[in-house]
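Undergrad: Next comes upload_10.cif, mmCIF, C-alpha atoms:
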data_target
#
loop_
_atom_site.label_atom_id
_atom_site.label_comp_id
_atom_site.auth_asym_id
_atom_site.auth_seq_id
_atom_site.Cartn_x
_atom_site.Cartn_y
_atom_site.Cartn_z
CA MET A 183 47.49 44.89 40.46
CA ARG A 184 49.02 48.35 40.76
CA TRP A 185 48.95 50.81 37.88
CA GLN A 186 52.75 50.60 37.89
CA GLY A 187 52.45 46.88 37.10
CA GLN A 188 50.94 47.50 33.65
CA GLN A 189 52.72 46.98 30.38
CA VAL A 190 52.20 49.70 27.78
CA GLY A 191 53.15 53.35 28.32
CA ALA A 192 51.23 56.41 27.13
CA THR A 193 50.60 60.04 27.98
CA ASP A 194 47.02 61.25 28.37
CA ALA A 195 45.98 64.78 29.26
CA ALA A 196 42.61 63.51 30.53
CA ALA A 197 44.18 61.31 33.20
CA LEU A 198 43.95 62.13 36.89
CA PRO A 199 46.46 64.72 38.10
CA GLY A 200 49.84 63.08 38.52
CA LEU A 201 48.84 59.96 36.59
CA GLU A 202 49.33 61.28 33.05
CA THR A 203 52.34 59.09 32.26
CA LEU A 204 51.38 55.86 34.02
CA THR A 205 52.97 52.82 32.50
CA GLY A 206 50.21 50.74 30.91
CA LEU A 207 47.61 53.50 30.61
CA VAL A 208 46.22 53.48 27.07
CA ARG A 209 43.70 56.30 27.52
CA SER A 210 41.18 57.79 29.94
CA VAL A 211 37.61 57.84 28.68
CA THR A 212 34.48 59.74 29.70
CA THR A 213 31.04 59.30 28.16
CA PRO A 214 27.60 60.87 28.76
CA GLU A 215 26.22 57.38 29.41
CA PHE A 216 28.37 57.25 32.56
CA ALA A 217 28.14 60.81 33.85
CA GLY A 218 30.90 61.62 36.35
CA VAL A 219 32.81 58.39 35.67
CA THR A 220 36.24 58.08 34.07
CA PHE A 221 37.39 54.76 32.63
CA HIS A 222 41.16 54.27 32.65
CA GLU A 223 41.88 51.69 29.96
CA VAL A 224 45.09 49.77 30.61
CA MET A 225 47.05 46.89 29.16
CA ALA A 226 47.66 44.30 31.85
CA ARG A 227 50.79 42.23 32.30
CA SER A 228 48.97 39.52 34.25
CA ALA A 229 45.40 38.30 34.64
CA LEU A 230 45.62 35.54 37.25
CA ASN A 231 46.09 36.94 40.77
CA ARG A 232 47.39 34.54 43.40
CA VAL A 233 45.59 34.73 46.73
CA PRO A 234 48.03 35.42 49.61
CA GLY A 235 49.11 32.29 51.48
CA PRO A 236 47.57 33.23 54.88
CA SER A 237 44.11 33.73 53.33
CA ALA A 238 41.35 31.38 54.47
CA MET A 239 39.75 31.27 51.03
CA PRO A 240 39.39 27.77 49.53
CA PHE A 241 40.74 28.88 46.16
CA ASP A 242 44.14 30.27 45.25
CA TRP A 243 43.44 32.32 42.13
CA THR A 244 41.25 35.23 41.09
CA VAL A 245 40.71 37.30 37.94
CA ASN A 246 39.59 40.93 38.20
CA PRO A 247 38.89 42.57 34.81
CA TYR A 248 37.96 45.86 36.53
CA ARG A 249 39.19 47.90 39.50
CA GLY A 250 36.68 50.21 41.16
CA CYS A 251 32.93 49.77 40.71
CA THR A 252 30.05 51.99 39.60
CA HIS A 253 27.63 50.06 41.83
CA ALA A 254 28.95 52.58 44.42
CA CYS A 255 27.85 50.49 47.43
CA VAL A 256 28.72 52.54 50.50
CA TYR A 257 29.62 49.39 52.47
CA CYS A 258 31.77 47.69 49.79
CA PHE A 259 34.62 45.72 51.39
CA ALA A 260 36.90 46.32 48.39
CA ARG A 261 37.05 50.11 48.71
CA GLY A 262 40.38 50.03 50.51
CA THR A 263 42.05 48.26 47.59
CA HIS A 264 41.65 51.41 45.46
CA GLU A 265 44.25 53.05 47.66
CA TYR A 266 46.82 50.66 46.16
CA LEU A 267 46.40 52.77 43.01
CA ASP A 268 46.94 56.01 44.97
CA LEU A 269 43.22 56.75 44.59
CA ASP A 270 40.86 57.25 47.50
CA ALA A 271 38.47 54.61 48.79
CA GLY A 272 35.45 56.91 48.55
CA ALA A 273 34.39 58.83 45.45
CA ASP A 274 37.38 57.62 43.41
CA PHE A 275 36.37 53.99 43.94
CA ASP A 276 32.94 54.80 42.47
CA SER A 277 34.09 57.00 39.60
CA GLN A 278 37.67 56.09 38.58
CA ILE A 279 37.35 52.66 36.99
CA VAL A 280 40.34 50.71 35.72
CA VAL A 281 39.56 48.50 32.70
CA LYS A 282 42.05 45.78 31.69
CA LEU A 283 41.44 45.73 27.97
CA ASN A 284 43.64 42.72 27.20
CA VAL A 285 42.75 40.64 30.27
CA ALA A 286 41.37 37.67 28.29
CA GLU A 287 44.37 37.56 25.95
CA VAL A 288 46.80 37.58 28.89
CA LEU A 289 44.68 35.00 30.71
CA ARG A 290 44.87 32.62 27.76
CA ARG A 291 48.66 32.81 27.79
CA GLU A 292 48.81 32.14 31.51
CA LEU A 293 46.38 29.22 31.33
CA ALA A 294 48.42 27.67 28.52
CA LYS A 295 51.61 27.49 30.59
CA PRO A 296 52.74 23.92 31.36
CA GLY A 297 52.75 24.61 35.09
CA TRP A 298 49.08 25.64 35.25
CA ALA A 299 47.30 23.03 37.38
CA ARG A 300 43.69 24.04 36.51
CA GLU A 301 42.91 25.18 40.03
CA GLN A 302 39.67 26.95 40.92
CA VAL A 303 39.53 30.59 39.75
CA ALA A 304 37.14 33.09 41.34
CA LEU A 305 35.64 36.12 39.61
CA GLY A 306 33.93 38.87 41.59
CA THR A 307 36.09 38.65 44.69
CA ASN A 308 37.27 42.26 44.48
CA THR A 309 34.98 44.32 42.26
CA ASP A 310 32.01 43.19 40.21
CA PRO A 311 32.86 41.70 36.78
CA TYR A 312 29.28 42.44 35.67
CA GLN A 313 29.11 46.09 36.69
CA ARG A 314 27.55 48.38 34.07
CA ALA A 315 30.86 48.93 32.25
CA GLU A 316 30.81 45.27 31.18
CA GLY A 317 27.97 46.16 28.81
CA ARG A 318 30.41 48.45 27.01
CA TYR A 319 33.65 46.46 27.22
CA ARG A 320 32.38 42.85 27.03
CA LEU A 321 35.41 41.32 28.74
CA MET A 322 33.62 38.43 30.42
CA PRO A 323 32.68 36.28 27.39
CA ASP A 324 36.32 35.86 26.37
CA ILE A 325 37.34 35.23 30.00
CA ILE A 326 34.68 32.52 30.35
CA THR A 327 35.73 30.92 27.08
CA ALA A 328 39.42 30.97 28.02
CA LEU A 329 38.76 29.30 31.36
CA ALA A 330 36.44 26.66 29.92
CA GLU A 331 38.71 25.79 26.99
CA SER A 332 41.65 25.35 29.36
CA GLY A 333 39.65 23.03 31.63
CA THR A 334 39.76 25.46 34.56
CA PRO A 335 36.81 25.43 37.02
CA PHE A 336 35.59 28.84 38.13
CA SER A 337 33.04 30.75 40.17
CA ILE A 338 31.30 34.09 39.61
CA LEU A 339 29.91 36.35 42.33
CA THR A 340 27.97 39.38 41.09
CA LYS A 341 25.19 41.88 41.69
CA GLY A 342 25.01 42.55 37.96
CA THR A 343 22.04 41.56 35.84
CA LEU A 344 24.38 41.52 32.83
CA LEU A 345 25.09 37.95 33.91
CA ARG A 346 21.93 37.02 32.00
CA ARG A 347 23.58 38.00 28.73
CA ASP A 348 26.20 35.29 29.20
CA LEU A 349 23.98 32.48 30.49
CA PRO A 350 23.98 30.60 27.14
CA LEU A 351 27.79 30.77 27.07
CA LEU A 352 28.04 29.73 30.72
CA ARG A 353 25.70 26.82 30.14
CA GLU A 354 27.90 25.67 27.26
CA ALA A 355 31.03 26.12 29.38
CA ALA A 356 29.50 24.12 32.24
CA ALA A 357 29.56 21.06 30.03
CA SER A 358 33.37 21.23 30.21
CA VAL A 359 34.17 22.57 33.69
CA PRO A 360 32.44 23.02 37.06
CA ILE A 361 30.95 26.52 37.38
CA ASP A 362 29.49 28.08 40.54
CA LEU A 363 27.22 31.13 40.22
CA ALA A 364 26.34 33.40 43.14
CA MET A 365 24.22 36.55 43.26
CA SER A 366 24.62 39.19 45.97
CA ILE A 367 21.23 40.52 47.09
CA ALA A 368 21.22 42.60 50.23
CA VAL A 369 18.52 45.27 50.52
CA LEU A 370 14.81 44.63 49.97
CA ASP A 371 13.47 48.17 50.51
CA GLU A 372 14.02 50.06 47.26
CA PRO A 373 14.47 53.62 48.64
CA LEU A 374 17.00 52.30 51.17
CA ARG A 375 18.71 50.18 48.53
CA HIS A 376 19.12 53.24 46.33
CA LEU A 377 20.81 55.08 49.20
CA LEU A 378 23.16 52.20 50.03
CA GLU A 379 23.80 50.91 46.48
CA PRO A 380 22.98 53.82 44.16
CA GLY A 381 24.50 52.28 41.03
CA ALA A 382 23.45 48.66 41.49
CA PRO A 383 20.44 46.82 40.00
CA THR A 384 17.25 46.60 42.04
CA PHE A 385 16.37 43.72 44.36
CA ALA A 386 13.69 42.62 41.87
CA ALA A 387 16.09 42.70 38.91
CA ARG A 388 18.60 40.56 40.77
CA LEU A 389 15.86 38.08 41.69
CA GLU A 390 15.00 37.78 38.00
CA THR A 391 18.65 37.03 37.30
CA VAL A 392 18.60 34.26 39.91
CA ARG A 393 15.45 32.92 38.28
CA ALA A 394 17.04 32.99 34.82
CA ALA A 395 20.25 31.30 36.00
CA SER A 396 18.25 28.62 37.80
CA ALA A 397 16.18 28.02 34.68
CA ALA A 398 19.43 27.64 32.75
CA GLY A 399 20.35 24.72 35.00
CA PHE A 400 22.60 26.36 37.60
CA ARG A 401 22.24 25.87 41.35
CA VAL A 402 22.53 29.51 42.35
CA THR A 403 23.80 30.68 45.72
CA VAL A 404 22.43 33.98 47.02
CA PHE A 405 24.51 36.11 49.35
CA LEU A 406 22.06 37.89 51.66
CA MET A 407 24.93 40.17 52.56
CA PRO A 408 25.61 42.47 54.08
CA ILE A 409 22.76 42.51 56.56
CA VAL A 410 22.94 46.10 57.80
CA PRO A 411 22.27 46.45 61.56
CA HIS A 412 19.09 48.34 62.45
CA LEU A 413 18.24 48.81 58.77
CA THR A 414 17.80 45.38 57.14
CA ASP A 415 17.92 42.95 60.07
CA SER A 416 14.32 42.77 61.33
CA VAL A 417 12.57 39.38 61.25
CA GLU A 418 9.88 40.81 58.97
CA VAL A 419 12.37 42.13 56.42
CA LEU A 420 14.48 38.96 56.50
CA ASP A 421 11.39 36.76 56.14
CA THR A 422 10.14 38.71 53.12
CA ALA A 423 13.56 38.78 51.46
CA LEU A 424 14.21 35.07 51.96
CA THR A 425 10.73 34.09 50.78
CA GLN A 426 11.28 35.98 47.54
CA ILE A 427 14.77 34.51 47.14
CA ALA A 428 13.38 30.99 47.58
CA ASP A 429 10.59 31.69 45.09
CA ALA A 430 13.22 32.80 42.55
CA GLY A 431 14.77 29.32 42.68
CA ALA A 432 17.91 29.90 44.73
CA ALA A 433 19.49 26.67 45.97
CA ARG A 434 21.48 28.17 48.81
CA VAL A 435 21.70 31.31 50.94
CA VAL A 436 24.71 32.68 52.78
CA TYR A 437 24.09 35.54 55.17
CA GLY A 438 26.22 37.77 57.34
CA ALA A 439 26.38 41.12 59.09
CA MET A 440 28.12 44.09 57.51
CA HIS A 441 31.91 44.39 57.80
CA LEU A 442 33.51 47.82 58.07
CA ARG A 443 37.14 47.52 57.04
CA PRO A 444 39.56 50.44 57.40
CA GLY A 445 39.13 51.64 53.82
CA VAL A 446 35.34 51.41 54.09
CA LYS A 447 34.63 52.71 57.56
CA PRO A 448 35.16 56.46 57.01
CA TRP A 449 32.99 56.39 53.89
CA PHE A 450 30.18 54.53 55.66
CA GLN A 451 30.47 56.83 58.69
CA GLN A 452 29.97 59.81 56.43
CA TRP A 453 26.91 58.20 54.84
CA LEU A 454 25.41 57.26 58.22
CA ALA A 455 25.89 60.76 59.66
CA ARG A 456 24.17 62.23 56.60
CA GLU A 457 21.31 59.75 56.11
CA ARG A 458 20.68 58.24 59.56
CA PRO A 459 22.33 60.33 62.30
CA ASP A 460 19.99 58.71 64.82
CA LEU A 461 21.90 55.42 64.36
CA VAL A 462 25.38 56.82 64.96
CA PRO A 463 25.36 55.93 68.71
CA ALA A 464 24.20 52.38 67.97
CA TYR A 465 26.98 51.90 65.42
CA ARG A 466 29.51 53.34 67.81
CA GLY A 467 28.63 50.43 70.08
CA LEU A 468 28.59 47.79 67.32
CA TYR A 469 31.80 48.84 65.54
CA PRO A 470 33.94 50.68 68.12
CA GLY A 471 37.38 51.97 67.23
CA ALA A 472 39.08 49.71 64.72
CA ALA A 473 36.45 46.93 64.97
CA VAL A 474 35.68 45.41 61.57
CA GLN A 475 32.93 42.92 62.44
CA ALA A 476 29.77 43.29 64.46
CA PRO A 477 30.21 41.63 67.87
CA GLN A 478 29.66 37.93 68.30
CA GLY A 479 26.49 38.51 70.29
CA TYR A 480 24.93 40.40 67.39
CA ARG A 481 25.95 37.67 64.94
CA ARG A 482 24.40 35.02 67.20
CA MET A 483 21.20 37.05 67.33
CA LEU A 484 21.20 37.35 63.55
CA SER A 485 21.67 33.61 63.18
CA ALA A 486 18.80 32.96 65.58
CA ARG A 487 16.56 35.04 63.34
CA VAL A 488 17.64 33.62 60.00
CA ARG A 489 18.08 29.89 60.66
CA PRO A 490 14.37 29.16 61.32
CA LEU A 491 13.45 31.04 58.15
CA LEU A 492 15.91 28.99 56.07
CA ALA A 493 14.51 25.80 57.59
CA ARG A 494 10.91 26.80 56.88
CA LEU A 495 11.76 27.68 53.27
CA ARG A 496 13.90 24.54 52.85
CA LEU A 497 16.91 26.61 51.82
CA ARG A 498 20.42 25.31 52.38
CA GLY A 499 23.13 27.64 53.66
CA GLY A 500 24.13 29.45 56.79
CA LEU A 501 26.16 32.18 58.44
CA GLU A 502 29.09 33.30 56.28
CA GLU A 503 31.87 32.21 58.63
CA GLU A 504 30.37 28.73 58.81
CA GLU A 505 30.27 28.27 55.06
CA ALA A 506 33.28 26.78 53.30
CA GLN A 507 32.34 26.28 49.65
CA PRO A 508 34.45 28.04 47.00
CA SER A 509 31.55 30.13 45.71
CA THR A 510 30.44 31.26 49.16
CA ARG A 511 33.54 32.18 51.13
CA ARG A 512 33.96 35.91 51.59
CA PHE A 513 36.90 37.73 50.10
CA ARG A 514 39.53 38.94 52.54
CA PRO A 515 41.53 41.75 50.95
CA GLY A 516 45.21 42.14 51.66
CA PRO A 517 46.77 44.76 53.93
CA VAL A 518 45.31 48.23 53.64
CA VAL A 519 47.78 50.72 52.17
CA THR A 520 47.22 54.34 53.15
CA THR A 521 48.27 56.71 50.37
CA SER A 522 48.56 60.48 50.33
CA ARG A 523 45.12 60.76 48.66
CA GLY A 524 43.67 58.26 51.11
CA ARG A 525 45.04 60.12 54.13
CA ALA A 526 43.60 63.39 52.83
CA ALA A 527 40.18 61.80 52.25
CA ALA A 528 40.15 60.17 55.69
CA ALA A 529 41.17 63.41 57.39
CA SER A 530 38.10 65.15 55.96
CA VAL A 531 35.71 62.68 57.63
CA PRO A 532 35.09 62.98 61.38
CA THR A 533 35.55 59.79 63.42
CA LEU A 534 32.11 58.76 64.66
CA PHE A 535 32.82 55.28 66.08
#
Can you dump the structure from the file as structure tokens?

TA:
Amino acid sequence: MRWQGQQVGATDAAALPGLETLTGLVRSVTTPEFAGVTFHEVMARSALNRVPGPSAMPFDWTVNPYRGCTHACVYCFARGTHEYLDLDAGADFDSQIVVKLNVAEVLRRELAKPGWAREQVALGTNTDPYQRAEGRYRLMPDIITALAESGTPFSILTKGTLLRRDLPLLREAAASVPIDLAMSIAVLDEPLRHLLEPGAPTFAARLETVRAASAAGFRVTVFLMPIVPHLTDSVEVLDTALTQIADAGAARVVYGAMHLRPGVKPWFQQWLARERPDLVPAYRGLYPGAAVQAPQGYRRMLSARVRPLLARLRLRGGLEEEEAQPSTRRFRPGPVVTTSRGRAAAASVPTLF
């Protein structure tokens, strides 16, 4: 949803330059608890987003209470979508967070329409609904309640341990509608995780969330994604990670190599040149030019490493492109829109591969 698609108009001197009179902007908020982050609170016209027709996803509807994400994962596939707001896909994605204050109220109205067919709705397909800001805004409980009371099945994909707060509500809702829960857990090594996902919960904290959700009666899927070439793809690392995931009670694991979409690639290139310049040549070979995915040969190698481990640990699941369940199909964002801010940000980053 573009900023221009919001409902209520306001003027705010604290807004980003050029965005002071955005239609729908209620106010821009900063707080010491979130140093360097600005929350742009808006009133949304719509809550349900229809997935484009050509998409391969097995559901047609999503709800995104937030845009941008303070998890700040350098590889995040959704970075390019921030350019739809005329913000850049790098630092702005991490620090300029759009909050749809009235999302649950609007959702209730949309779910009550006679034409609503109670199709599957996915949460967490763009940015994380349980990022840290959810602790402040508490949008998810009303969203969960609205979906359950309307008889609408839904799925949640998150890295956020705040999911634990809502487990009693989700358990109650699951008595009325099917609910799929999935936790994204990618990086075992804590120093490396902090470099790649500086604002996200630790591997251990996410495992505890899987354990809590499993104890609450949910069959939790874990996304071991993205597996980052030459950093998290060794047999030893994968074995340790999967063993801990199995011990936490996960029912299913979906794994896949990192994608580098156009909005993400320059940001990741910058990170790689700064943190691991020795790997730049290897990545030039894996993701040349406009390539988004690692080559098929690498993905086959990855599968050859992971499949025996899944079998030994008696975990269901598989390579991401082979999985077709609603809670485990990857999100494919729409066309990348290059804005003036995006072009300026991209021009400042040298092309490495």

Undergrad: Give me the result of the PyMOL selection byres ((chain A and resi 436) around 10) on this file, residue by residue, as a count of residues only.

TA: 24

Undergrad: Hey, which bits of range 258-316 of chain A sit within 12 Å of range 348-355 of chain A, and for each residue what's the closest pair of atoms and how far apart in Å (one decimal), counting only C-alpha atoms, rows by chain and increasing number, as CSV?

TA:
residue,atom,partner,partner_atom,distance
A:Pro311,CA,A:Asp348,CA,12.0
A:Tyr312,CA,A:Asp348,CA,10.1
A:Glu316,CA,A:Asp348,CA,11.2

Undergrad: Using all atoms listed in the file, which of the listed residues (A:Val219, A:Leu491, A:Leu345, A:Ala286) sits closest to His253 in chain A?

TA: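 Smallest separation from His253 in chain A among the options: A:Val219.
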
Undergrad: Mind pulling up the distance from CA of His264 in chain A to CA of Gly467 in chain A?

TA: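 Distance between the two atoms: 27.9 Å.
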
Undergrad: What is the CA of Trp243 in chain A to CA of Val303 in chain A distance in Å?

TA: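 Pair CA of Trp243 in chain A / CA of Val303 in chain A returns 4.9 Å.
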
Undergrad: Write out as a ChimeraX atom specification which residues come within 12 Å of Phe216 in chain A when counting all atoms listed in the file, dropping same-chain ones fewer than 6 positions away.

TA: /A:251-253,276-279,313-315,317-318,381

Undergrad: Please, what distance in Å, to one decimal, runs between CA of Met225 in chain A and CA of Val285 in chain A?

TA: 7.7 Å

Undergrad: Between A:Ala356, A:Ile427, A:Glu292, A:Gly399, which has the minimum distance to Ala368 in chain A (counting all atoms listed in the file)?

TA: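 Checking each candidate against Ala368 in chain A, we get A:Ile427 as the closest.
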
Undergrad: Any chance you could work out the axis-aligned box around range 399-406 of chain A, listed atoms only, 5 Å on each side, giving centre and edge lengths in Å to one decimal, as lines of an AutoDock Vina configuration file?

TA:
center_x = 22.4
center_y = 31.3
center_z = 43.3
size_x = 14.2
size_y = 23.2
size_z = 26.7

Undergrad: As a check of understanding, name the residues that the PyMOL selection byres ((chain A and resi 262) around 7) selects in the supplied structure, as a VMD selection string.

TA: chain A and resid 260 to 261 263 to 265 271 444 to 446 518

Undergrad: Excluding Ser337 in chain A and its own-chain neighbours fewer than 4 positions away, which residues fall within 7 Å of it when counting all atoms listed in the file? Please give them as a list in words.

TA: Val303, Ala304, Leu305, Ile361, Asp362, Leu363 and Ser509 of chain A

Undergrad: Could you tell me, as a VMD selection string, exactly which residues end up selected when the PyMOL selection byres ((chain A and resi 413-418) around 8) is applied to this structure?

TA: chain A and resid 369 to 370 409 to 412 419 to 422 484 487 to 488

Undergrad: Pick out the closest residue to Ile326 in chain A from this set: A:Ser358, A:Ser210, A:Asn231, A:Thr220. Count all atoms listed in the file.

TA: A:Ser358

Undergrad: Considering all atoms listed in the file, can you say which of A:Asp274, A:Thr309, A:Val288, A:Pro383 comes closest to Arg249 in chain A?

TA: A:Thr309

Undergrad: Determine the nearest neighbour of Leu230 in chain A from the options A:Val245, A:Leu424, A:Ala432, A:Val392, counting only C-alpha atoms.

TA: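 For Leu230 in chain A, the nearest of the candidates is A:Val245.
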
Undergrad: May I ask which of the residues A:Pro470, A:Gly250, A:Gly479, A:Pro380 is the closest one to Tyr266 in chain A, counting all atoms listed in the file?

TA: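 Closest residue, counting all atoms listed in the file: A:Gly250.
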
Undergrad: Pick out the residues sitting within 7 Å of Gln302 in chain A, and hand them over as a VMD selection string; count all atoms listed in the file, and ignore anything fewer than 5 positions along from it in its own chain.

TA: chain A and resid 241 243 334 to 336

Undergrad: Could you pull the residues within 12 Å of Glu457 in chain A, counting only C-alpha atoms, minus those fewer than 2 positions along the same chain, as an MDAnalysis selection string?

TA: chainID A and resid 256 373:374 376:378 413 450:455 459:462

Undergrad: Grab range 419-438 of chain A from that structure and dump N, CA and C atoms to a file, as a short mmCIF file (atom, residue, chain, number, x, y, z; two decimals), in the first residue's frame.

TA:
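Result file is selection.cif:
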data_model
loop_
_atom_site.label_atom_id
_atom_site.label_comp_id
_atom_site.auth_asym_id
_atom_site.auth_seq_id
_atom_site.Cartn_x
_atom_site.Cartn_y
_atom_site.Cartn_z
N VAL A 419 27.49 -26.91 10.56
CA VAL A 419 26.57 -25.86 11.00
C VAL A 419 25.12 -26.29 10.78
N LEU A 420 24.83 -26.85 9.62
CA LEU A 420 23.46 -27.30 9.32
C LEU A 420 23.02 -28.40 10.27
N ASP A 421 23.92 -29.33 10.56
CA ASP A 421 23.60 -30.43 11.47
C ASP A 421 23.27 -29.90 12.86
N THR A 422 24.09 -29.00 13.37
CA THR A 422 23.86 -28.44 14.70
C THR A 422 22.55 -27.66 14.75
N ALA A 423 22.32 -26.84 13.72
CA ALA A 423 21.09 -26.03 13.69
C ALA A 423 19.86 -26.92 13.64
N LEU A 424 19.86 -27.91 12.76
CA LEU A 424 18.69 -28.77 12.61
C LEU A 424 18.45 -29.64 13.85
N THR A 425 19.51 -30.08 14.49
CA THR A 425 19.36 -30.86 15.72
C THR A 425 18.66 -30.03 16.79
N GLN A 426 19.07 -28.78 16.92
CA GLN A 426 18.45 -27.91 17.92
C GLN A 426 17.00 -27.58 17.54
N ILE A 427 16.74 -27.40 16.27
CA ILE A 427 15.38 -27.14 15.81
C ILE A 427 14.47 -28.34 16.10
N ALA A 428 14.97 -29.54 15.84
CA ALA A 428 14.20 -30.74 16.14
C ALA A 428 13.95 -30.87 17.64
N ASP A 429 14.97 -30.60 18.44
CA ASP A 429 14.81 -30.69 19.90
C ASP A 429 13.79 -29.69 20.43
N ALA A 430 13.62 -28.58 19.71
CA ALA A 430 12.65 -27.56 20.14
C ALA A 430 11.22 -27.94 19.81
N GLY A 431 11.04 -29.04 19.05
CA GLY A 431 9.69 -29.53 18.77
C GLY A 431 9.11 -29.13 17.43
N ALA A 432 9.94 -28.60 16.53
CA ALA A 432 9.43 -28.24 15.21
C ALA A 432 8.89 -29.48 14.50
N ALA A 433 7.81 -29.30 13.74
CA ALA A 433 7.22 -30.41 13.00
C ALA A 433 7.73 -30.48 11.58
N ARG A 434 8.28 -29.37 11.08
CA ARG A 434 8.62 -29.29 9.67
C ARG A 434 9.69 -28.25 9.47
N VAL A 435 10.57 -28.48 8.49
CA VAL A 435 11.62 -27.52 8.16
C VAL A 435 11.63 -27.27 6.66
N VAL A 436 11.65 -26.02 6.30
CA VAL A 436 11.81 -25.62 4.90
C VAL A 436 13.14 -24.86 4.81
N TYR A 437 13.95 -25.22 3.85
CA TYR A 437 15.27 -24.59 3.73
C TYR A 437 15.47 -24.07 2.32
N GLY A 438 16.38 -23.12 2.19
CA GLY A 438 16.66 -22.58 0.87
C GLY A 438 17.81 -21.60 0.92
#
